Amino acid sequence: MFDRLQTLLAQWVHADVATVLVILVQAMMVIVPLLLAVAYLTYAERKVIGYMQVRLGPNRVGYAGLLQPIADALKLVMKEVIIPSQSNVYLFLIAPVLAIAPAIAVWAVVPFDDGMVIADINAGLLYILAISSIGVYGIVIAGWASNSKYAFLGALRSSAQKVSYEIAMGFALVTVIMTAGSMNLTDIVMGQQGGMLSWYWIPLLPMFVVYFISGVAETNRAPFDVAEGESEIVAGFHVDYSGMTFAVFFLAEYAMMILISFLTAIMFMGGWLSPFEGIPGLETLFSFVPGLAWLALKVFILLFVFLWFRATFPRYRYDQIMRLGWKILIPLTILWVFVVGSMAYFKVAPWFVHGGIA
Amino acid sequence: MGIEKLLFYVFAATAVLASLGVIGSRNPVRAALFLVLAFVSTAGIWLLMQAEFLGIVLILVYVGAVMVLFLFVIMMLDINLTPLREGFTRYLPLGVAVGVVVLAEMSLVLNPQFFGLEHFPSPIALAAGDSNTKMLGQLLFTEYLYAFELAAVLLLLAIVAAIVLTLRRRNRHEALYQDIGAQVRVQASDRLTMVKMPAVVAVKEAKEKESGDE
């Protein structure tokens, strides 16, 4: 489809310009649904938590409150952007950009179905780790440029937390790479073929849990949301932001949440593969479901777990977060790297299915 | 001009301007951010040279971890800039002299008559399917295994040394000390004793009746 578009465009413009235009179209086809998903994730969050607390949630704007995110977005766009007089104006304004840019750039390598990916690069997983690690700058700079104690404390908390949990996350990904024998996300999904029981969540069960917990900590979500601890530091790093600059931080946080869910689904839950693969009756019965729908279903489940966490768990204390990350999750991941390595060396079945590290 | 060449010039110009910004900007935080920009554009150049693993690792390690900690420290320092800028003119001649010497040395080593593409064989273009990561890994774990392992041990030593240097042994009885292991191990029965007593004690007959029932 895009090849045809490119040849069509190449008739009018230079071939390189046509390439750039096609990439722009592809990027828009990812970014626009992503931003819509973010908007409705906020709606879903309020509804889900509402029902969990025996409330109705937003129900005034549109049918069952369905237009609420649109109203919120309009409100945020119309609001005044206040720049604190003692702040470093340039850095204050560039911080939200630094937060949202990596959160969107990461999606370049995320596959949605077999072959449905903007850039199918070899080092896909590494790219995701690298780009999402840049996101912390937005928070650090926002906290510092606001020139406010609360914002600065929030920024320090958040960045220390992110840098710590990135290590556990990275090690969890190393086990995935070792089992799949590739850093390409499409190859990782293809390595999990053969039904629900050959997805990586079984051979890498502890890593699945560690990765998801680290993901929750990475996105500063409850119960690890000390970065914005309302009761202690008002709202953390974005306390001085208003209107659209605040909304951009919000967008980045929710986009990262969706990304973590996508990655968990791709790496541990078979991505777009059907869970009934290899089961005689069910496989044909569900063969009409497109891969994208399976992936979306898995992502929905994981996002629901994110919201469920927020409604269920009380906030961690900061030293306990650090202890969990450094003293429990990181040793566990290192141990599991060793386990996977030895299993692959001795060619033991579930860790050595598809060639693995050869 | 191909798009690769254009990208190269954009990245190269950004890298040069950003490095000038590192030494030129007055605000240390801004200087650190310029350094980050220089790293990112260098990573872009490496990507153009088909060294995608190195390029991405540069971003992951330097931009994502090292510079964040660096920025951390700079932000927490309350640097008074005026005394730092004192004596700029006094040291300027010395600085210029050192700069000239370095430039002269470098031009002697990297003799300008060697410059130009015609002196270098064009690098072997990698096939589309070749994985940079795999090639690097194979080299590191076969040919350069010793050097690689030695570097790893050296880094481990550095980590241990840093921990030992900053280790602060605290008195167990200090009020601030918190033994998290003990906190986790604690059971309800350690803190709480259940005392059973009859619901009614005052009335004698009730008590007798109760014992009679048993």
# chains A, B, ... in the order shown; residues from 1 in each chain; ligands from 1
call {"tool": "interface_residues", "arguments": {"of": "chain A", "to": "chain B", "cutoff": "8 Å", "atoms": "only C-alpha atoms", "output": "JSON list (two decimals) with N, CA, C and O atoms, in the first residue's frame"}}
result
[["chain", "number", "residue", "atom", "x", "y", "z"],
["A", 16, "ASP", "N", 13.49, 11.15, -3.05],
["A", 16, "ASP", "CA", 13.79, 11.25, -1.61],
["A", 16, "ASP", "C", 12.68, 11.96, -0.87],
["A", 16, "ASP", "O", 12.30, 11.56, 0.24],
["A", 122, "ASN", "N", 16.95, -4.00, 13.21],
["A", 122, "ASN", "CA", 17.52, -5.15, 13.90],
["A", 122, "ASN", "C", 17.57, -4.96, 15.40],
["A", 122, "ASN", "O", 17.28, -5.85, 16.17],
["A", 123, "ALA", "N", 18.00, -3.76, 15.81],
["A", 123, "ALA", "CA", 18.22, -3.52, 17.23],
["A", 123, "ALA", "C", 16.99, -2.85, 17.85],
["A", 123, "ALA", "O", 17.11, -1.91, 18.63],
["A", 126, "LEU", "N", 16.71, -2.51, 21.68],
["A", 126, "LEU", "CA", 17.72, -1.59, 22.20],
["A", 126, "LEU", "C", 17.29, -0.15, 21.94],
["A", 126, "LEU", "O", 17.46, 0.72, 22.80],
["A", 127, "TYR", "N", 16.73, 0.08, 20.75],
["A", 127, "TYR", "CA", 16.26, 1.42, 20.40],
["A", 127, "TYR", "C", 15.19, 1.87, 21.38],
["A", 127, "TYR", "O", 15.22, 3.00, 21.88],
["A", 129, "LEU", "N", 14.71, 0.86, 24.47],
["A", 129, "LEU", "CA", 15.32, 1.14, 25.77],
["A", 129, "LEU", "C", 16.01, 2.50, 25.75],
["A", 129, "LEU", "O", 15.86, 3.30, 26.69],
["A", 130, "ALA", "N", 16.75, 2.76, 24.67],
["A", 130, "ALA", "CA", 17.54, 3.99, 24.60],
["A", 130, "ALA", "C", 16.63, 5.21, 24.55],
["A", 130, "ALA", "O", 16.81, 6.16, 25.31],
["A", 131, "ILE", "N", 15.63, 5.17, 23.65],
["A", 131, "ILE", "CA", 14.81, 6.37, 23.48],
["A", 131, "ILE", "C", 13.95, 6.61, 24.71],
["A", 131, "ILE", "O", 13.79, 7.75, 25.15],
["A", 133, "SER", "N", 14.71, 6.01, 27.63],
["A", 133, "SER", "CA", 15.52, 6.52, 28.74],
["A", 133, "SER", "C", 15.75, 8.02, 28.62],
["A", 133, "SER", "O", 16.14, 8.66, 29.58],
["A", 134, "ILE", "N", 15.50, 8.58, 27.44],
["A", 134, "ILE", "CA", 15.68, 10.04, 27.29],
["A", 134, "ILE", "C", 14.54, 10.78, 28.00],
["A", 134, "ILE", "O", 14.71, 11.92, 28.42],
["A", 136, "VAL", "N", 13.39, 10.89, 30.76],
["A", 136, "VAL", "CA", 13.62, 11.41, 32.11],
["A", 136, "VAL", "C", 14.10, 12.86, 32.09],
["A", 136, "VAL", "O", 13.88, 13.61, 33.04],
["A", 137, "TYR", "N", 14.70, 13.30, 30.97],
["A", 137, "TYR", "CA", 15.16, 14.69, 30.90],
["A", 137, "TYR", "C", 14.02, 15.68, 31.05],
["A", 137, "TYR", "O", 14.17, 16.72, 31.69],
["A", 140, "VAL", "N", 13.38, 15.99, 34.75],
["A", 140, "VAL", "CA", 14.45, 16.65, 35.50],
["A", 140, "VAL", "C", 14.47, 18.14, 35.19],
["A", 140, "VAL", "O", 14.55, 18.99, 36.09],
["A", 144, "TRP", "N", 13.74, 21.45, 37.60],
["A", 144, "TRP", "CA", 14.77, 22.44, 37.90],
["A", 144, "TRP", "C", 14.36, 23.82, 37.40],
["A", 144, "TRP", "O", 14.54, 24.82, 38.09],
["A", 156, "LEU", "N", 13.65, 15.07, 41.42],
["A", 156, "LEU", "CA", 14.72, 14.21, 41.94],
["A", 156, "LEU", "C", 14.19, 12.81, 42.21],
["A", 156, "LEU", "O", 14.77, 11.81, 41.82],
["A", 159, "SER", "N", 13.38, 11.02, 38.80],
["A", 159, "SER", "CA", 14.47, 10.59, 37.94],
["A", 159, "SER", "C", 15.28, 9.48, 38.61],
["A", 159, "SER", "O", 15.70, 8.54, 37.94],
["A", 163, "VAL", "N", 15.80, 5.90, 36.74],
["A", 163, "VAL", "CA", 17.11, 5.36, 36.43],
["A", 163, "VAL", "C", 17.29, 4.00, 37.10],
["A", 163, "VAL", "O", 17.85, 3.07, 36.52]]
call {"tool": "residues_around", "arguments": {"residues": "Trp326 of chain A", "least_positions_apart": "5", "cutoff": "10 Å", "atoms": "only C-alpha atoms", "output": "list in words"}}
result
Ser164, Tyr165, Ile167, Ala168, Gln320, Ile321, Pro331 and Leu332 of chain A
call {"tool": "residues_around", "arguments": {"residues": "Ile83 of chain A", "least_positions_apart": "3", "cutoff": "10 Å", "atoms": "only C-alpha atoms", "output": "list of chain:residue names"}}
result
A:Glu80, A:Gln86, A:Ser87, A:Asn88, A:Val89, A:Phe92, A:Leu93, A:Ser146, A:Asp240, A:Tyr241, A:Ser242
call {"tool": "select_by_dssp", "arguments": {"residues": "segment 5-214 of chain B", "states": "helix (DSSP H, G or I)", "output": "ChimeraX atom specification"}}
result
/B:5-24,28-48,52-76,81-85,88-109,112-114,117-119,132-141,145-166,180-185,188-191,204-213
call {"tool": "residues_around", "arguments": {"residues": "segment 322-324 of chain A", "least_positions_apart": "3", "cutoff": "12 Å", "atoms": "only C-alpha atoms", "output": "PyMOL selection string"}}
result
(chain A and resi 157-165+168+210+213-214+217+224+226+316-319+327-332) or (chain B and resi 179-181)
call {"tool": "residues_around", "arguments": {"residues": "Gly291 of chain A", "least_positions_apart": "5", "cutoff": "9 Å", "atoms": "only C-alpha atoms", "output": "PyMOL selection string"}}
result
chain A and resi 112-114+271-274+296
call {"tool": "atom_distance", "arguments": {"atom1": "atom CA of Val38 of chain A", "atom2": "atom CA of Asp120 of chain A"}}
result
24.2 Å
call {"tool": "atom_distance", "arguments": {"atom1": "atom CA of Tyr254 of chain A", "atom2": "atom CA of Ala39 of chain A"}}
result
8.7 Å
call {"tool": "atom_distance", "arguments": {"atom1": "atom CA of Gln6 of chain A", "atom2": "atom CA of Ala12 of chain B"}}
result
29.0 Å
call {"tool": "residues_around", "arguments": {"residues": "Ala13 of chain B", "least_positions_apart": "5", "cutoff": "10 Å", "atoms": "only C-alpha atoms", "output": "PyMOL selection string"}}
result
chain B and resi 7-8+18-19+38+41
call {"tool": "residues_around", "arguments": {"residues": "Val16 of chain B", "least_positions_apart": "5", "cutoff": "12 Å", "atoms": "only C-alpha atoms", "output": "list of chain:residue names"}}
result
B:Tyr9, B:Val10, B:Phe11, B:Gly21, B:Val22, B:Ile23, B:Phe34, B:Leu35, B:Leu37, B:Ala38, B:Phe39, B:Val40, B:Ser41, B:Thr42
